file my_file35.cif (mmCIF, C-alpha atoms)
data_protein
#
loop_
_atom_site.group_PDB
_atom_site.id
_atom_site.type_symbol
_atom_site.label_atom_id
_atom_site.label_comp_id
_atom_site.auth_asym_id
_atom_site.auth_seq_id
_atom_site.Cartn_x
_atom_site.Cartn_y
_atom_site.Cartn_z
ATOM 1 C CA MET A 1 -49.743 2.805 1.717
ATOM 2 C CA ASN A 2 -46.517 2.112 -0.176
ATOM 3 C CA ALA A 3 -43.672 0.805 1.964
ATOM 4 C CA LEU A 4 -40.007 0.527 1.126
ATOM 5 C CA ILE A 5 -37.730 -1.788 3.089
ATOM 6 C CA VAL A 6 -34.061 -0.909 2.761
ATOM 7 C CA PHE A 7 -32.376 -4.184 3.666
ATOM 8 C CA ALA A 8 -28.700 -4.136 4.616
ATOM 9 C CA HIS A 9 -27.535 -7.611 5.618
ATOM 10 C CA PRO A 10 -25.378 -9.851 3.431
ATOM 11 C CA GLU A 11 -27.254 -13.045 4.355
ATOM 12 C CA PRO A 12 -30.854 -13.315 3.159
ATOM 13 C CA ALA A 13 -31.526 -16.176 5.603
ATOM 14 C CA SER A 14 -30.328 -14.177 8.619
ATOM 15 C CA PHE A 15 -32.546 -12.956 11.437
ATOM 16 C CA ASN A 16 -32.452 -9.578 9.694
ATOM 17 C CA GLY A 17 -33.851 -11.359 6.661
ATOM 18 C CA ALA A 18 -36.557 -12.890 8.834
ATOM 19 C CA LEU A 19 -37.505 -9.447 10.164
ATOM 20 C CA ARG A 20 -37.581 -8.110 6.596
ATOM 21 C CA ASP A 21 -39.926 -10.927 5.588
ATOM 22 C CA THR A 22 -42.069 -10.416 8.677
ATOM 23 C CA ALA A 23 -42.499 -6.719 7.915
ATOM 24 C CA ALA A 24 -43.257 -7.363 4.247
ATOM 25 C CA SER A 25 -45.786 -10.061 5.071
ATOM 26 C CA SER A 26 -47.497 -7.939 7.714
ATOM 27 C CA LEU A 27 -47.756 -4.951 5.414
ATOM 28 C CA ARG A 28 -49.026 -6.954 2.446
ATOM 29 C CA SER A 29 -51.619 -8.691 4.575
ATOM 30 C CA GLY A 30 -52.815 -5.230 5.576
ATOM 31 C CA GLY A 31 -53.340 -4.323 1.935
ATOM 32 C CA HIS A 32 -50.185 -2.252 1.542
ATOM 33 C CA SER A 33 -47.636 -2.511 -1.245
ATOM 34 C CA VAL A 34 -44.033 -3.342 -0.371
ATOM 35 C CA GLU A 35 -40.845 -2.738 -2.286
ATOM 36 C CA ILE A 36 -37.489 -4.043 -1.081
ATOM 37 C CA SER A 37 -34.150 -2.427 -1.711
ATOM 38 C CA ASP A 38 -31.693 -5.268 -1.059
ATOM 39 C CA LEU A 39 -28.383 -3.433 -0.905
ATOM 40 C CA TYR A 40 -26.149 -6.516 -0.862
ATOM 41 C CA GLY A 41 -28.373 -8.536 -3.181
ATOM 42 C CA GLU A 42 -28.410 -5.716 -5.734
ATOM 43 C CA ASN A 43 -24.683 -5.108 -5.279
ATOM 44 C CA PHE A 44 -25.170 -1.462 -4.349
ATOM 45 C CA ASP A 45 -21.847 0.389 -4.427
ATOM 46 C CA PRO A 46 -21.703 2.477 -1.252
ATOM 47 C CA VAL A 47 -18.547 4.362 -2.159
ATOM 48 C CA GLU A 48 -19.096 7.872 -3.473
ATOM 49 C CA LYS A 49 -16.380 8.504 -6.054
ATOM 50 C CA ALA A 50 -15.557 10.340 -9.251
ATOM 51 C CA ALA A 51 -16.040 7.252 -11.417
ATOM 52 C CA HIS A 52 -19.798 7.400 -10.782
ATOM 53 C CA TYR A 53 -20.047 10.659 -12.697
ATOM 54 C CA ALA A 54 -19.623 10.307 -16.446
ATOM 55 C CA ARG A 55 -20.033 14.037 -17.085
ATOM 56 C CA ARG A 56 -17.897 15.781 -14.516
ATOM 57 C CA LEU A 57 -18.553 19.333 -13.471
ATOM 58 C CA ASP A 58 -14.856 19.675 -12.719
ATOM 59 C CA PRO A 59 -12.642 16.928 -14.192
ATOM 60 C CA GLN A 60 -9.626 18.244 -12.300
ATOM 61 C CA GLN A 61 -10.973 18.068 -8.769
ATOM 62 C CA PHE A 62 -13.703 15.779 -7.413
ATOM 63 C CA VAL A 63 -15.991 17.688 -5.070
ATOM 64 C CA PRO A 64 -18.699 15.168 -4.183
ATOM 65 C CA LEU A 65 -21.541 17.500 -3.288
ATOM 66 C CA ALA A 66 -20.869 19.771 -6.251
ATOM 67 C CA GLU A 67 -20.945 16.777 -8.604
ATOM 68 C CA GLN A 68 -24.167 15.556 -6.972
ATOM 69 C CA ARG A 69 -25.797 18.947 -7.448
ATOM 70 C CA SER A 70 -24.671 19.118 -11.049
ATOM 71 C CA ALA A 71 -25.746 15.570 -11.921
ATOM 72 C CA GLY A 72 -29.078 16.052 -10.183
ATOM 73 C CA ARG A 73 -29.678 19.249 -12.123
ATOM 74 C CA GLU A 74 -28.606 17.731 -15.443
ATOM 75 C CA GLY A 75 -30.429 14.425 -14.947
ATOM 76 C CA THR A 76 -27.203 12.444 -15.127
ATOM 77 C CA LEU A 77 -27.167 10.840 -11.686
ATOM 78 C CA PRO A 78 -25.890 7.244 -11.584
ATOM 79 C CA VAL A 79 -28.513 4.612 -12.427
ATOM 80 C CA ALA A 80 -28.412 3.007 -8.972
ATOM 81 C CA VAL A 81 -28.939 6.380 -7.294
ATOM 82 C CA ARG A 82 -31.866 7.234 -9.551
ATOM 83 C CA ARG A 83 -33.400 3.831 -8.809
ATOM 84 C CA GLU A 84 -33.156 4.381 -5.048
ATOM 85 C CA ILE A 85 -34.552 7.916 -5.256
ATOM 86 C CA ALA A 86 -37.516 6.654 -7.274
ATOM 87 C CA ARG A 87 -38.150 4.047 -4.599
ATOM 88 C CA LEU A 88 -38.066 6.722 -1.905
ATOM 89 C CA GLU A 89 -40.427 8.940 -3.859
ATOM 90 C CA ARG A 90 -42.946 6.099 -4.189
ATOM 91 C CA ALA A 91 -42.806 5.233 -0.496
ATOM 92 C CA ASP A 92 -45.005 6.541 2.297
ATOM 93 C CA LEU A 93 -43.081 4.480 4.859
ATOM 94 C CA VAL A 94 -39.400 3.515 4.778
ATOM 95 C CA ILE A 95 -38.105 0.719 7.010
ATOM 96 C CA PHE A 96 -34.346 0.356 7.416
ATOM 97 C CA GLN A 97 -33.482 -3.217 8.406
ATOM 98 C CA PHE A 98 -29.874 -3.730 9.465
ATOM 99 C CA PRO A 99 -27.503 -5.137 12.098
ATOM 100 C CA LEU A 100 -25.483 -2.900 14.371
ATOM 101 C CA TRP A 101 -21.818 -3.247 13.388
ATOM 102 C CA TRP A 102 -19.157 -1.308 15.241
ATOM 103 C CA HIS A 103 -21.787 0.849 16.911
ATOM 104 C CA ALA A 104 -23.378 1.922 13.625
ATOM 105 C CA GLN A 105 -25.089 0.734 10.475
ATOM 106 C CA PRO A 106 -23.073 -1.433 8.022
ATOM 107 C CA ALA A 107 -20.929 0.609 5.641
ATOM 108 C CA ILE A 108 -23.144 -0.307 2.698
ATOM 109 C CA LEU A 109 -26.036 1.491 4.362
ATOM 110 C CA LYS A 110 -23.955 4.511 5.375
ATOM 111 C CA GLY A 111 -22.875 4.713 1.743
ATOM 112 C CA TRP A 112 -26.502 4.561 0.654
ATOM 113 C CA PHE A 113 -27.055 7.754 2.648
ATOM 114 C CA ASP A 114 -23.897 9.313 1.164
ATOM 115 C CA ARG A 115 -24.896 8.619 -2.424
ATOM 116 C CA VAL A 116 -28.693 8.512 -2.549
ATOM 117 C CA LEU A 117 -29.546 11.573 -0.484
ATOM 118 C CA VAL A 118 -28.370 13.853 -3.254
ATOM 119 C CA ASN A 119 -27.354 17.372 -2.357
ATOM 120 C CA GLY A 120 -29.283 20.017 -4.245
ATOM 121 C CA LEU A 121 -31.913 17.557 -5.413
ATOM 122 C CA LEU A 122 -33.182 16.092 -2.126
ATOM 123 C CA TYR A 123 -31.833 18.609 0.360
ATOM 124 C CA ASP A 124 -29.942 21.824 0.795
ATOM 125 C CA SER A 125 -29.262 24.181 3.660
ATOM 126 C CA THR A 126 -32.896 25.244 3.937
ATOM 127 C CA ARG A 127 -34.755 22.126 2.770
ATOM 128 C CA ARG A 128 -34.107 19.887 5.738
ATOM 129 C CA TYR A 129 -35.785 18.820 8.986
ATOM 130 C CA GLY A 130 -39.319 20.169 9.124
ATOM 131 C CA ARG A 131 -38.883 21.631 5.639
ATOM 132 C CA GLY A 132 -37.389 18.495 4.092
ATOM 133 C CA VAL A 133 -38.559 17.086 0.777
ATOM 134 C CA PHE A 134 -39.788 13.894 2.420
ATOM 135 C CA LYS A 135 -42.092 15.672 4.838
ATOM 136 C CA GLY A 136 -45.201 13.558 5.292
ATOM 137 C CA LYS A 137 -43.320 10.286 4.884
ATOM 138 C CA ARG A 138 -42.428 8.026 7.808
ATOM 139 C CA ALA A 139 -39.177 6.208 8.557
ATOM 140 C CA VAL A 140 -38.255 3.624 11.154
ATOM 141 C CA LEU A 141 -35.081 1.716 11.969
ATOM 142 C CA SER A 142 -35.271 -2.000 12.753
ATOM 143 C CA VAL A 143 -31.929 -2.844 14.281
ATOM 144 C CA THR A 144 -30.385 -6.080 15.484
ATOM 145 C CA ALA A 145 -27.526 -6.292 17.958
ATOM 146 C CA GLY A 146 -25.524 -9.268 19.096
ATOM 147 C CA ALA A 147 -25.268 -8.382 22.777
ATOM 148 C CA PRO A 148 -28.088 -8.321 25.332
ATOM 149 C CA GLU A 149 -30.266 -5.252 25.870
ATOM 150 C CA ARG A 150 -28.768 -4.443 29.277
ATOM 151 C CA SER A 151 -25.377 -3.715 27.682
ATOM 152 C CA PHE A 152 -26.851 -0.967 25.476
ATOM 153 C CA GLY A 153 -28.084 1.285 28.260
ATOM 154 C CA ARG A 154 -26.430 4.540 29.242
ATOM 155 C CA GLY A 155 -22.773 3.840 29.931
ATOM 156 C CA GLY A 156 -23.246 0.183 29.024
ATOM 157 C CA ARG A 157 -20.550 -1.962 27.453
ATOM 158 C CA GLY A 158 -22.193 -2.032 24.036
ATOM 159 C CA GLY A 159 -22.691 1.730 23.923
ATOM 160 C CA ASP A 160 -25.752 3.873 24.564
ATOM 161 C CA ILE A 161 -28.236 2.761 21.901
ATOM 162 C CA GLU A 162 -30.028 6.099 22.020
ATOM 163 C CA LYS A 163 -26.791 7.847 21.055
ATOM 164 C CA LEU A 164 -25.696 5.187 18.572
ATOM 165 C CA LEU A 165 -28.859 5.559 16.497
ATOM 166 C CA TRP A 166 -29.048 9.333 16.740
ATOM 167 C CA PRO A 167 -26.945 10.051 13.584
ATOM 168 C CA MET A 168 -29.197 8.001 11.322
ATOM 169 C CA GLN A 169 -32.417 9.139 12.905
ATOM 170 C CA TYR A 170 -31.380 12.779 12.918
ATOM 171 C CA SER A 171 -30.257 12.540 9.276
ATOM 172 C CA LEU A 172 -33.692 11.246 8.299
ATOM 173 C CA HIS A 173 -35.504 13.863 10.397
ATOM 174 C CA MET B 1 -34.752 15.116 5.032
ATOM 175 C CA GLY B 2 -38.188 15.718 6.481
ATOM 176 C CA PHE B 3 -39.144 12.173 7.496
ATOM 177 C CA SER B 4 -41.234 11.638 10.580
ATOM 178 C CA VAL B 5 -38.937 9.252 12.408
ATOM 179 C CA LEU B 6 -40.596 6.590 14.523
ATOM 180 C CA ARG B 7 -39.257 4.840 17.598
ATOM 181 C CA PRO B 8 -36.812 2.138 16.403
ATOM 182 C CA PHE B 9 -37.522 -1.561 16.724
ATOM 183 C CA LEU B 10 -34.628 -3.113 18.596
ATOM 184 C CA SER B 11 -33.717 -6.802 18.610
ATOM 185 C CA PHE B 12 -30.955 -7.556 21.074
ATOM 186 C CA ALA B 13 -28.866 -10.696 21.704
ATOM 187 C CA VAL B 14 -29.340 -12.134 18.241
ATOM 188 C CA ALA B 15 -25.646 -13.094 17.925
ATOM 189 C CA GLY B 16 -25.278 -16.069 15.651
ATOM 190 C CA HIS B 17 -21.524 -16.394 15.702
ATOM 191 C CA GLY B 18 -20.814 -18.478 18.754
ATOM 192 C CA TYR B 19 -21.775 -16.229 21.652
ATOM 193 C CA ARG B 20 -24.463 -17.741 23.865
ATOM 194 C CA TYR B 21 -26.513 -15.771 26.324
ATOM 195 C CA GLU B 22 -29.183 -18.433 26.882
ATOM 196 C CA GLN B 23 -30.205 -21.959 25.946
ATOM 197 C CA ASP B 24 -30.932 -22.480 22.240
ATOM 198 C CA ALA B 25 -34.604 -23.227 22.839
ATOM 199 C CA ASP B 26 -34.992 -20.054 24.876
ATOM 200 C CA LYS B 27 -33.268 -18.043 22.176
ATOM 201 C CA GLN B 28 -35.439 -19.443 19.412
ATOM 202 C CA ALA B 29 -38.555 -18.677 21.412
ATOM 203 C CA ARG B 30 -37.366 -15.136 22.079
ATOM 204 C CA LEU B 31 -36.535 -14.531 18.414
ATOM 205 C CA ALA B 32 -39.940 -15.851 17.403
ATOM 206 C CA ALA B 33 -41.528 -13.450 19.889
ATOM 207 C CA LEU B 34 -39.506 -10.582 18.438
ATOM 208 C CA ARG B 35 -40.725 -11.418 14.939
ATOM 209 C CA GLN B 36 -44.301 -11.554 16.142
ATOM 210 C CA SER B 37 -43.936 -8.248 17.981
ATOM 211 C CA TRP B 38 -42.407 -6.575 14.911
ATOM 212 C CA GLY B 39 -45.088 -7.961 12.622
ATOM 213 C CA GLU B 40 -47.793 -6.595 14.883
ATOM 214 C CA ARG B 41 -46.107 -3.229 15.264
ATOM 215 C CA VAL B 42 -45.525 -2.792 11.526
ATOM 216 C CA GLY B 43 -49.255 -2.826 11.032
ATOM 217 C CA ARG B 44 -49.583 0.169 13.339
ATOM 218 C CA LEU B 45 -46.677 2.311 12.103
ATOM 219 C CA ALA B 46 -48.969 4.644 10.184
ATOM 220 C CA GLU B 47 -50.632 5.675 13.452
ATOM 221 C CA GLU B 48 -47.573 5.965 15.687
ATOM 222 C CA ARG B 49 -46.457 9.269 17.118
ATOM 223 C CA PRO B 50 -43.051 10.284 15.692
ATOM 224 C CA LEU B 51 -40.001 11.019 17.793
ATOM 225 C CA CYS B 52 -39.330 14.642 18.572
ATOM 226 C CA PHE B 53 -36.149 16.335 17.342
ATOM 227 C CA GLN B 54 -34.939 19.908 17.274
ATOM 228 C CA ASN B 55 -36.446 21.887 14.426
ATOM 229 C CA TRP B 56 -36.051 25.263 12.768
ATOM 230 C CA ASP B 57 -37.756 27.174 15.546
ATOM 231 C CA ASP B 58 -35.217 25.800 18.031
ATOM 232 C CA TRP B 59 -32.189 27.414 16.344
ATOM 233 C CA ASP B 60 -31.035 30.981 15.994
ATOM 234 C CA ASP B 61 -29.729 32.376 12.697
ATOM 235 C CA SER B 62 -26.284 30.900 13.317
ATOM 236 C CA GLY B 63 -27.724 27.416 13.861
ATOM 237 C CA ALA B 64 -27.109 27.433 17.602
ATOM 238 C CA LEU B 65 -29.760 26.093 19.954
ATOM 239 C CA LYS B 66 -31.811 28.889 21.464
ATOM 240 C CA PRO B 67 -31.635 29.299 25.235
ATOM 241 C CA GLY B 68 -34.062 27.123 27.113
ATOM 242 C CA ARG B 69 -34.508 24.617 24.277
ATOM 243 C CA ASP B 70 -33.876 20.940 24.969
ATOM 244 C CA PRO B 71 -30.508 19.720 23.595
ATOM 245 C CA ASP B 72 -31.444 16.074 24.113
ATOM 246 C CA LEU B 73 -34.510 15.802 21.907
ATOM 247 C CA GLY B 74 -34.364 12.591 19.908
ATOM 248 C CA LEU B 75 -32.003 11.022 22.409
ATOM 249 C CA ARG B 76 -34.569 9.559 24.766
ATOM 250 C CA PHE B 77 -36.619 7.167 22.693
ATOM 251 C CA LEU B 78 -36.269 4.447 25.314
ATOM 252 C CA ASP B 79 -38.259 6.546 27.753
ATOM 253 C CA PRO B 80 -41.886 6.137 26.646
ATOM 254 C CA GLU B 81 -43.052 8.649 29.250
ATOM 255 C CA MET B 82 -40.698 11.289 27.880
ATOM 256 C CA GLU B 83 -41.764 10.733 24.285
ATOM 257 C CA ALA B 84 -45.448 10.610 25.132
ATOM 258 C CA ASP B 85 -45.612 13.832 27.106
ATOM 259 C CA PRO B 86 -45.027 17.076 25.161
ATOM 260 C CA GLU B 87 -44.409 18.966 28.391
ATOM 261 C CA LEU B 88 -41.587 16.651 29.352
ATOM 262 C CA ARG B 89 -40.132 16.744 25.838
ATOM 263 C CA HIS B 90 -39.976 20.533 25.983
ATOM 264 C CA ARG B 91 -38.989 20.934 29.588
#

call {"tool": "encode", "arguments": {"input": "my_file35.cif", "output": "structure tokens"}}
result
Amino acid sequence: MNALIVFAHPEPASFNGALRDTAASSLRSGGHSVEISDLYGENFDPVEKAAHYARRLDPQQFVPLAEQRSAGREGTLPVAVRREIARLERADLVIFQFPLWWHAQPAILKGWFDRVLVNGLLYDSTRRYGRGVFKGKRAVLSVTAGAPERSFGRGGRGGDIEKLLWPMQYSLH
Amino acid sequence: MGFSVLRPFLSFAVAGHGYRYEQDADKQARLAALRQSWGERVGRLAEERPLCFQNWDDWDDSGALKPGRDPDLGLRFLDPEMEADPELRHR
């Protein structure tokens, strides 16, 4: 099995980093290959913007999804996006390792979704969910939170963890 | 996107910025246990049963949920009984 760990914490020596290393070690000891996408370490730019597209479909107005579709079709997607897509295509299992910040994933990881999951190439209105291009692959979130577990129950002070993680999990589904 | 999404691995109370919920020794022991638990679980991820979400058969042509379908699928991953029992998941 080929595993990809998408790591989104700015400190390699953090507990998130320890969980990343634990997962990688466990997988490798089981005979699996592991690739790590270190979003901070590789300086991934999470901001989708016109400057990423050298050959614009419409130089007058930036329509992100239209530019994604065009660049995907023409083979002119940004290098970092192509690198991440290739990693996804090689992977049978994708682990997202990140801390919960402001009731969600860090912005760098949200931006990874915005930029890497390219409209037209990796999904469209009919190729999603049970008909998605990554059908057969597995994904799991490994999430750290500062507050205790009891505060993340329904109505808890930290927010309902089942609802907080729904956007990411549903996007992957 | 088509992924089979597995139950998340959650590590709570890992704050390293001054908040203290327990003695340092207790915290270190708990974090070590979390790492061990994650390492063991990672080895079994290929066999785990994915979470259940709405899918194409659950929606009508406009994208609305069909009558009688569960609007909360994918929102109850903390309830192992709910995720393990297909009858409960499709109540």

call {"tool": "resolve_selection", "arguments": {"input": "my_file35.cif", "expression": "the PyMOL selection byres ((chain B and resi 37) around 12)", "output": "number ranges by chain"}}
result
A: 19, 22-23, 26, 142; B: 9-11, 30-36, 38-44

call {"tool": "atom_distance", "arguments": {"input": "my_file35.cif", "atom1": "CA of Glu48 (chain B)", "atom2": "CA of Gln105 (chain A)"}}
result
23.7 Å

call {"tool": "closest_atom_pairs", "arguments": {"input": "my_file35.cif", "of": "chain A", "to": "chain B", "cutoff": "7 Å", "atoms": "only C-alpha atoms", "output": "Markdown table"}}
result
| residue | atom | partner | partner_atom | distance |
| --- | --- | --- | --- | --- |
| A:Leu19 | CA | B:Arg35 | CA | 6.1 |
| A:Thr22 | CA | B:Gly39 | CA | 5.5 |
| A:Ala23 | CA | B:Gly39 | CA | 5.5 |
| A:Ser26 | CA | B:Gly39 | CA | 5.5 |
| A:Leu27 | CA | B:Gly43 | CA | 6.2 |
| A:Gly30 | CA | B:Gly43 | CA | 6.9 |
| A:Tyr123 | CA | B:Met1 | CA | 6.5 |
| A:Arg128 | CA | B:Met1 | CA | 4.9 |
| A:Tyr129 | CA | B:Gly2 | CA | 4.7 |
| A:Gly130 | CA | B:Gly2 | CA | 5.3 |
| A:Arg131 | CA | B:Gly2 | CA | 6.0 |
| A:Gly132 | CA | B:Gly2 | CA | 3.7 |
| A:Val133 | CA | B:Gly2 | CA | 5.9 |
| A:Phe134 | CA | B:Gly2 | CA | 4.7 |
| A:Lys135 | CA | B:Gly2 | CA | 4.2 |
| A:Gly136 | CA | B:Phe3 | CA | 6.6 |
| A:Lys137 | CA | B:Phe3 | CA | 5.3 |
| A:Arg138 | CA | B:Ser4 | CA | 4.7 |
| A:Ala139 | CA | B:Val5 | CA | 4.9 |
| A:Val140 | CA | B:Leu6 | CA | 5.1 |
| A:Leu141 | CA | B:Pro8 | CA | 4.8 |
| A:Ser142 | CA | B:Phe9 | CA | 4.6 |
| A:Val143 | CA | B:Leu10 | CA | 5.1 |
| A:Thr144 | CA | B:Ser11 | CA | 4.6 |
| A:Ala145 | CA | B:Phe12 | CA | 4.8 |
| A:Gly146 | CA | B:Ala15 | CA | 4.0 |
| A:Ala147 | CA | B:Ala13 | CA | 4.4 |
| A:Pro148 | CA | B:Ala13 | CA | 4.4 |
| A:Glu149 | CA | B:Phe12 | CA | 5.4 |
| A:Glu162 | CA | B:Leu75 | CA | 5.3 |
| A:Lys163 | CA | B:Leu75 | CA | 6.3 |
| A:Trp166 | CA | B:Leu75 | CA | 6.6 |
| A:Gln169 | CA | B:Val5 | CA | 6.5 |
| A:Ser171 | CA | B:Met1 | CA | 6.7 |
| A:Leu172 | CA | B:Met1 | CA | 5.2 |
| A:His173 | CA | B:Phe3 | CA | 5.0 |

call {"tool": "residues_near_point", "arguments": {"input": "my_file35.cif", "point": "(-20.4, 8.6, -19.6)", "cutoff": "12 Å", "atoms": "only C-alpha atoms", "output": "list in words"}}
result
Ala50, Ala51, His52, Tyr53, Ala54, Arg55, Arg56, Ala71, Thr76, Leu77, Pro78 and Val79 of chain A

call {"tool": "atom_distance", "arguments": {"input": "my_file35.cif", "atom1": "CA of Ala86 (chain A)", "atom2": "CA of Pro99 (chain A)"}}
result
24.8 Å

call {"tool": "residues_near_point", "arguments": {"input": "my_file35.cif", "point": "(-29.9, 6.2, 4.9)", "cutoff": "12 Å", "atoms": "all atoms listed in the file", "output": "PyMOL selection string"}}
result
(chain A and resi 5-8+37+39+46+84-85+88+94-98+104-118+139-141+165+167-173) or (chain B and resi 1+3)

call {"tool": "resolve_selection", "arguments": {"input": "my_file35.cif", "expression": "the PyMOL selection byres ((chain A and resi 65) around 10)", "output": "PyMOL selection string"}}
result
chain A and resi 48+62-64+66-71+114-115+118-120

call {"tool": "atom_distance", "arguments": {"input": "my_file35.cif", "atom1": "CA of Ala29 (chain B)", "atom2": "CA of Ala18 (chain A)"}}
result
14.0 Å
